[in-house]
>>> print(open('structure-v4.cif').read())   # mmCIF, C-alpha atoms
data_start
#
loop_
_atom_site.label_atom_id
_atom_site.label_comp_id
_atom_site.auth_asym_id
_atom_site.auth_seq_id
_atom_site.Cartn_x
_atom_site.Cartn_y
_atom_site.Cartn_z
CA MET A 7 27.10 33.19 -12.60
CA LYS A 8 24.54 30.91 -11.06
CA LEU A 9 22.78 27.61 -11.70
CA PHE A 10 19.06 27.73 -10.89
CA LEU A 11 17.14 24.51 -10.26
CA VAL A 12 13.56 25.34 -11.18
CA PRO A 13 10.65 23.00 -10.32
CA THR A 14 7.99 22.68 -13.01
CA PRO A 15 4.34 21.55 -12.71
CA ILE A 16 3.71 17.83 -12.28
CA GLY A 17 0.26 18.17 -13.82
CA ASN A 18 -1.68 21.41 -13.64
CA LEU A 19 0.20 24.19 -15.47
CA GLU A 20 -0.81 26.64 -12.75
CA ASP A 21 1.42 24.83 -10.22
CA ILE A 22 4.42 27.08 -10.84
CA THR A 23 5.59 30.15 -8.92
CA PHE A 24 5.90 33.71 -10.21
CA ARG A 25 9.56 33.53 -9.24
CA ALA A 26 10.10 30.42 -11.34
CA ILE A 27 8.55 32.08 -14.40
CA ARG A 28 10.69 35.20 -13.92
CA THR A 29 13.85 33.11 -13.51
CA LEU A 30 13.17 31.11 -16.67
CA LYS A 31 12.71 34.36 -18.60
CA GLU A 32 15.88 35.99 -17.25
CA VAL A 33 18.47 33.20 -17.60
CA SER A 34 20.45 32.84 -20.82
CA LEU A 35 19.80 29.09 -21.19
CA ILE A 36 17.34 26.48 -19.94
CA LEU A 37 18.52 22.89 -19.64
CA CYS A 38 15.63 20.44 -19.99
CA GLU A 39 15.09 16.69 -20.30
CA ASP A 40 12.95 16.80 -23.44
CA THR A 41 12.31 19.98 -25.41
CA ARG A 42 9.03 18.55 -26.71
CA THR A 43 7.76 18.20 -23.15
CA SER A 44 9.02 21.59 -21.94
CA LEU A 45 7.96 23.73 -24.90
CA PRO A 46 4.20 23.73 -24.14
CA LEU A 47 4.88 25.01 -20.60
CA LEU A 48 7.28 27.70 -21.82
CA LYS A 49 4.90 28.75 -24.59
CA HIS A 50 2.03 28.96 -22.10
CA TYR A 51 4.00 31.49 -20.02
CA ASP A 52 5.50 33.33 -23.01
CA ILE A 53 9.06 32.21 -22.20
CA HIS A 54 11.43 32.36 -25.18
CA THR A 55 14.75 31.45 -23.53
CA PRO A 56 16.88 29.03 -25.61
CA LEU A 57 16.66 25.35 -24.64
CA GLN A 58 19.32 22.67 -24.49
CA SER A 59 18.75 18.96 -23.92
CA HIS A 60 20.19 17.69 -20.64
CA HIS A 61 18.96 14.27 -19.53
CA LEU A 62 20.04 11.02 -17.91
CA PHE A 63 21.68 9.67 -21.06
CA ASN A 64 23.72 12.73 -22.08
CA GLU A 65 24.43 14.64 -18.86
CA HIS A 66 28.02 13.39 -18.68
CA GLU A 67 28.66 14.68 -22.22
CA THR A 68 26.99 18.07 -21.72
CA LEU A 69 28.39 18.70 -18.24
CA ASN A 70 31.69 20.33 -19.23
CA ASN A 71 30.08 22.73 -21.71
CA VAL A 72 27.51 23.84 -19.14
CA ILE A 73 30.19 24.40 -16.49
CA GLN A 74 32.26 26.48 -18.93
CA ARG A 75 29.29 28.66 -19.79
CA LEU A 76 28.55 29.20 -16.11
CA LYS A 77 32.18 30.08 -15.38
CA ALA A 78 32.03 32.57 -18.26
CA GLY A 79 29.36 34.44 -16.32
CA GLU A 80 26.06 33.07 -17.63
CA ASN A 81 23.05 32.25 -15.47
CA ILE A 82 21.51 28.91 -16.44
CA ALA A 83 18.34 27.15 -15.30
CA LEU A 84 17.79 23.40 -15.06
CA ILE A 85 14.28 21.97 -15.33
CA THR A 86 12.96 18.44 -15.76
CA ASP A 87 9.86 17.12 -17.50
CA ALA A 88 7.96 17.60 -14.24
CA GLY A 89 8.79 18.27 -10.61
CA THR A 90 11.99 19.30 -8.88
CA PRO A 91 15.35 18.61 -10.56
CA ALA A 92 17.56 15.98 -8.88
CA ILE A 93 14.59 14.28 -7.15
CA SER A 94 14.54 11.00 -9.11
CA ASP A 95 15.53 13.14 -12.12
CA PRO A 96 18.79 14.57 -13.55
CA GLY A 97 20.45 17.30 -11.52
CA PHE A 98 22.71 15.81 -8.87
CA LEU A 99 25.71 15.45 -11.17
CA LEU A 100 25.54 19.07 -12.33
CA VAL A 101 24.98 20.44 -8.83
CA ARG A 102 27.96 18.48 -7.47
CA GLU A 103 30.22 19.78 -10.24
CA CYS A 104 29.06 23.37 -9.70
CA ILE A 105 29.84 23.15 -5.99
CA LYS A 106 33.25 21.71 -6.82
CA GLU A 107 33.90 24.66 -9.16
CA ASN A 108 32.60 27.25 -6.65
CA ILE A 109 29.63 28.09 -8.86
CA GLU A 110 26.59 29.29 -6.94
CA VAL A 111 23.56 26.98 -6.99
CA GLU A 112 20.03 27.99 -6.06
CA CYS A 113 17.10 25.58 -5.91
CA LEU A 114 13.68 27.25 -6.05
CA PRO A 115 10.85 25.72 -4.00
CA GLY A 116 8.06 24.13 -5.96
CA ALA A 117 6.24 21.07 -7.19
CA THR A 118 7.27 17.53 -6.36
CA ALA A 119 5.03 14.47 -6.49
CA PHE A 120 5.84 12.73 -3.22
CA VAL A 121 4.78 15.53 -0.85
CA PRO A 122 1.07 15.68 -1.84
CA ALA A 123 1.03 11.87 -2.09
CA LEU A 124 2.39 11.58 1.46
CA VAL A 125 -0.03 14.12 2.90
CA ASP A 126 -3.05 12.69 1.06
CA SER A 127 -2.19 9.14 2.19
CA GLY A 128 -3.33 9.90 5.72
CA PHE A 129 -0.23 8.19 7.11
CA ALA A 130 2.23 9.70 9.58
CA CYS A 131 4.08 12.60 7.93
CA GLU A 132 6.41 13.85 10.66
CA LYS A 133 9.04 11.25 9.73
CA PHE A 134 9.31 9.46 6.41
CA CYS A 135 11.73 7.60 4.16
CA PHE A 136 11.85 8.57 0.47
CA GLU A 137 13.10 5.68 -1.70
CA GLY A 138 12.25 7.01 -5.17
CA PHE A 139 12.53 4.33 -7.87
CA LEU A 140 13.80 0.94 -6.73
CA PRO A 141 16.39 -0.82 -8.95
CA HIS A 142 14.63 -2.66 -11.77
CA LYS A 143 16.49 -5.94 -11.25
CA LYS A 144 19.79 -6.23 -9.41
CA GLY A 145 19.52 -5.22 -5.78
CA ARG A 146 15.74 -4.69 -5.83
CA GLN A 147 14.77 -7.43 -3.39
CA SER A 148 17.83 -6.77 -1.26
CA ARG A 149 16.74 -3.15 -0.82
CA LEU A 150 13.22 -4.20 0.12
CA ASN A 151 14.63 -6.62 2.70
CA GLU A 152 16.69 -3.78 4.17
CA LEU A 153 13.50 -1.77 4.60
CA LYS A 154 11.62 -4.49 6.51
CA ASP A 155 12.54 -2.95 9.87
CA GLU A 156 12.03 0.67 8.76
CA LYS A 157 9.78 2.39 11.31
CA ARG A 158 8.92 5.45 9.21
CA THR A 159 6.40 5.91 6.40
CA ILE A 160 8.07 4.82 3.14
CA ILE A 161 7.56 6.47 -0.26
CA PHE A 162 8.26 4.84 -3.63
CA TYR A 163 8.02 6.11 -7.20
CA GLU A 164 6.97 3.57 -9.80
CA SER A 165 6.19 3.32 -13.50
CA PRO A 166 2.50 2.69 -14.28
CA PHE A 167 3.60 -0.48 -16.09
CA ARG A 168 5.22 -1.97 -12.96
CA VAL A 169 2.98 -0.81 -10.13
CA GLY A 170 1.31 -4.24 -9.88
CA LYS A 171 4.69 -5.92 -9.56
CA LEU A 172 5.83 -3.47 -6.88
CA LEU A 173 2.69 -3.97 -4.79
CA ALA A 174 3.07 -7.76 -4.97
CA GLU A 175 6.70 -7.43 -3.84
CA LEU A 176 5.69 -5.15 -0.97
CA GLN A 177 3.04 -7.64 0.10
CA ASP A 178 5.60 -10.47 0.11
CA THR A 179 8.06 -8.37 2.09
CA PHE A 180 5.86 -6.45 4.54
CA GLY A 181 2.86 -8.77 4.87
CA ASP A 182 -0.83 -8.65 3.97
CA ASP A 183 -2.01 -6.20 6.59
CA ARG A 184 0.38 -3.24 6.14
CA LYS A 185 -1.55 -0.20 4.88
CA VAL A 186 -0.68 1.39 1.56
CA CYS A 187 -1.85 4.31 -0.59
CA VAL A 188 -1.38 4.40 -4.37
CA SER A 189 -1.51 7.93 -5.80
CA ARG A 190 -1.51 8.82 -9.48
CA GLU A 191 -2.21 11.76 -11.79
CA ILE A 192 -1.36 14.13 -8.93
CA SER A 193 -2.61 17.70 -9.55
CA LYS A 194 -4.36 16.60 -12.75
CA LYS A 195 -8.09 16.34 -13.48
CA PHE A 196 -8.33 12.63 -12.65
CA GLU A 197 -6.12 12.64 -9.54
CA GLN A 198 -6.66 9.44 -7.60
CA HIS A 199 -5.64 8.02 -4.20
CA ILE A 200 -6.43 4.36 -3.51
CA ARG A 201 -5.96 3.26 0.11
CA GLY A 202 -6.15 -0.12 1.79
CA THR A 203 -4.12 -3.11 2.96
CA LEU A 204 -1.33 -4.47 0.80
CA LYS A 205 -3.34 -7.64 0.28
CA ASP A 206 -6.37 -5.77 -1.08
CA ILE A 207 -4.50 -3.15 -3.12
CA ALA A 208 -2.04 -5.65 -4.61
CA LEU A 209 -5.00 -7.73 -5.77
CA LYS A 210 -6.68 -4.65 -7.25
CA TYR A 211 -3.61 -3.78 -9.32
CA LYS A 212 -2.65 -7.33 -10.31
CA ASP A 213 -2.11 -7.48 -14.11
CA LYS A 214 -3.55 -3.97 -14.37
CA GLU A 215 -1.96 -1.11 -16.32
CA VAL A 216 -2.65 2.44 -15.22
CA LYS A 217 -1.92 5.84 -16.68
CA GLY A 218 0.41 8.44 -15.25
CA GLU A 219 3.37 8.25 -12.90
CA VAL A 220 2.58 6.53 -9.62
CA VAL A 221 3.56 7.26 -6.03
CA VAL A 222 3.19 4.38 -3.57
CA VAL A 223 3.14 5.32 0.12
CA LEU A 224 3.59 2.52 2.65
CA SER A 225 2.44 3.19 6.20
CA ALA A 226 4.81 3.02 9.13
CA ILE A 227 4.69 -0.18 11.14
CA ASP A 228 1.82 0.17 13.64
CA LYS A 229 1.89 -0.77 17.33
CA GLU A 230 0.01 -4.06 16.88
CA GLU A 231 2.23 -5.16 14.00
CA LYS A 232 5.35 -4.13 15.93
CA GLU A 233 4.33 -6.12 19.03
CA LYS A 234 3.48 -9.15 16.88
CA LYS A 235 6.93 -8.92 15.23
CA ILE A 236 8.69 -8.68 18.61
CA SER A 237 6.72 -11.67 19.90
CA THR A 238 7.60 -13.72 16.80
CA ASN A 239 11.30 -12.86 17.11
CA LYS A 240 11.31 -13.89 20.79
CA TYR A 241 9.72 -17.20 19.88
CA LYS A 242 12.34 -17.80 17.18
CA ASN A 243 15.14 -17.05 19.64
CA LEU A 244 13.82 -19.71 22.01
CA GLU A 245 13.92 -22.40 19.31
#
>>> encode(input="structure-v4.cif", output="structure tokens")
Amino acid sequence: MKLFLVPTPIGNLEDITFRAIRTLKEVSLILCEDTRTSLPLLKHYDIHTPLQSHHLFNEHETLNNVIQRLKAGENIALITDAGTPAISDPGFLLVRECIKENIEVECLPGATAFVPALVDSGFACEKFCFEGFLPHKKGRQSRLNELKDEKRTIIFYESPFRVGKLLAELQDTFGDDRKVCVSREISKKFEQHIRGTLKDIALKYKDKEVKGEVVVVLSAIDKEEKEKKISTNKYKNLE
């Protein structure tokens, strides 16, 4: 008995491993967020394994049944609409319960949106902070304030309908001159990476709707900005 976490393409259908395809064919059940989204991928690779809905709004209800099937000896795969399960998608709850029940869990390597966005940004990659989606309302600004002193490159996921709002909030929090890269449609035909200062990019996306999920990469604080911040803090302490 084993739970497999299988990454699926975030755009181009070719972005899937041979191992992932074999696993999806061999398991007895595939858990997916939306069968309508997953079926085209499975059909493309001639995968006929039964599907069961498992998403953010029903994972508590389906959890016990899945655990019982695993304990009965079945191998089950978990996929999401795109990318790696549990990375800003359902998966954590099921993995935690499997570990608690001594059920083996195996996560296959594969597609996830933030890695190509980080690398394509041109910002420092050796250390970074992945924030995923910020809270929509409560705690949103508090979390941004907590990140003001973060010295690593910061990565956010955002809905295309709220990317303008996020960039304006980042500008207010981190200042006009911090560099940012907005990536969208990663691995698709119209993949795009827009780079610049927060002031310029926030203005570009003000009141603008875009298509596709968005990854926003905020550069680490640079030496000049860091020295300016230290100087400002010293001045405040003298007052």
>>> atom_distance(input="structure-v4.cif", atom1="atom CA of Leu84 of chain A", atom2="atom CA of His60 of chain A")
8.3 Å
>>> closest_residue(input="structure-v4.cif", among="A:Cys131, A:Thr29, A:Ser193, A:Phe180", to="Glu152 of chain A", atoms="only C-alpha atoms")
A:Phe180
>>> resolve_selection(input="structure-v4.cif", expression="the PyMOL selection byres ((chain A and resi 25) around 12)", output="count of residues only")
20
>>> residues_around(input="structure-v4.cif", residues="Thr159 of chain A", least_positions_apart="3", cutoff="6 Å", atoms="all atoms listed in the file", output="PyMOL selection string")
chain A and resi 134+224-226
>>> closest_residue(input="structure-v4.cif", among="A:Asn71, A:Cys135, A:Thr86, A:Gly79", to="Thr41 of chain A", atoms="all atoms listed in the file")
A:Thr86
>>> atom_distance(input="structure-v4.cif", atom1="atom CA of Gly170 of chain A", atom2="atom CA of Val216 of chain A")
9.4 Å
>>> residues_around(input="structure-v4.cif", residues="Ser127 of chain A", least_positions_apart="5", cutoff="8 Å", atoms="only C-alpha atoms", output="list in words")
Val186, Cys187, His199, Arg201 and Val223 of chain A
>>> closest_residue(input="structure-v4.cif", among="A:Gly218, A:Leu100, A:Val188, A:Val111", to="Glu67 of chain A", atoms="all atoms listed in the file")
A:Leu100
>>> resolve_selection(input="structure-v4.cif", expression="the PyMOL selection byres ((chain A and resi 37) around 12)", output="ChimeraX atom specification")
/A:9-12,30,33-36,38-41,44-45,55-61,64-65,68-69,71-72,81-87,91,96-97,100
>>> resolve_selection(input="structure-v4.cif", expression="the PyMOL selection byres ((chain A and resi 190) around 7)", output="list in words")
Val188, Ser189, Glu191, Ile192, Glu197, Gln198, His199, Gly218, Glu219, Val220 and Val221 of chain A
>>> residues_around(input="structure-v4.cif", residues="Ile16 of chain A", least_positions_apart="4", cutoff="7 Å", atoms="only C-alpha atoms", output="mmCIF file with C-alpha atoms, in the coordinates of the input")
data_model
loop_
_atom_site.group_PDB
_atom_site.id
_atom_site.type_symbol
_atom_site.label_atom_id
_atom_site.label_comp_id
_atom_site.auth_asym_id
_atom_site.auth_seq_id
_atom_site.Cartn_x
_atom_site.Cartn_y
_atom_site.Cartn_z
ATOM 1 C CA ALA A 88 7.960 17.600 -14.240
ATOM 2 C CA GLY A 89 8.790 18.270 -10.610
ATOM 3 C CA ALA A 117 6.240 21.070 -7.190
ATOM 4 C CA THR A 118 7.270 17.530 -6.360
ATOM 5 C CA ALA A 119 5.030 14.470 -6.490
ATOM 6 C CA SER A 193 -2.610 17.700 -9.550
#
>>> atom_distance(input="structure-v4.cif", atom1="atom CA of Leu140 of chain A", atom2="atom CA of Leu62 of chain A")
16.3 Å
>>> residues_around(input="structure-v4.cif", residues="segment 211-214 of chain A", least_positions_apart="5", cutoff="8 Å", atoms="all atoms listed in the file", output="PyMOL selection string")
chain A and resi 169-171+173-174
>>> residues_around(input="structure-v4.cif", residues="segment 176-178 of chain A", least_positions_apart="5", cutoff="10 Å", atoms="only C-alpha atoms", output="PyMOL selection string")
chain A and resi 147+150-151+154+170-171+183-186+203-209+224
>>> closest_residue(input="structure-v4.cif", among="A:Glu132, A:Gly202, A:Leu76, A:Glu164", to="Cys104 of chain A", atoms="all atoms listed in the file")
A:Leu76
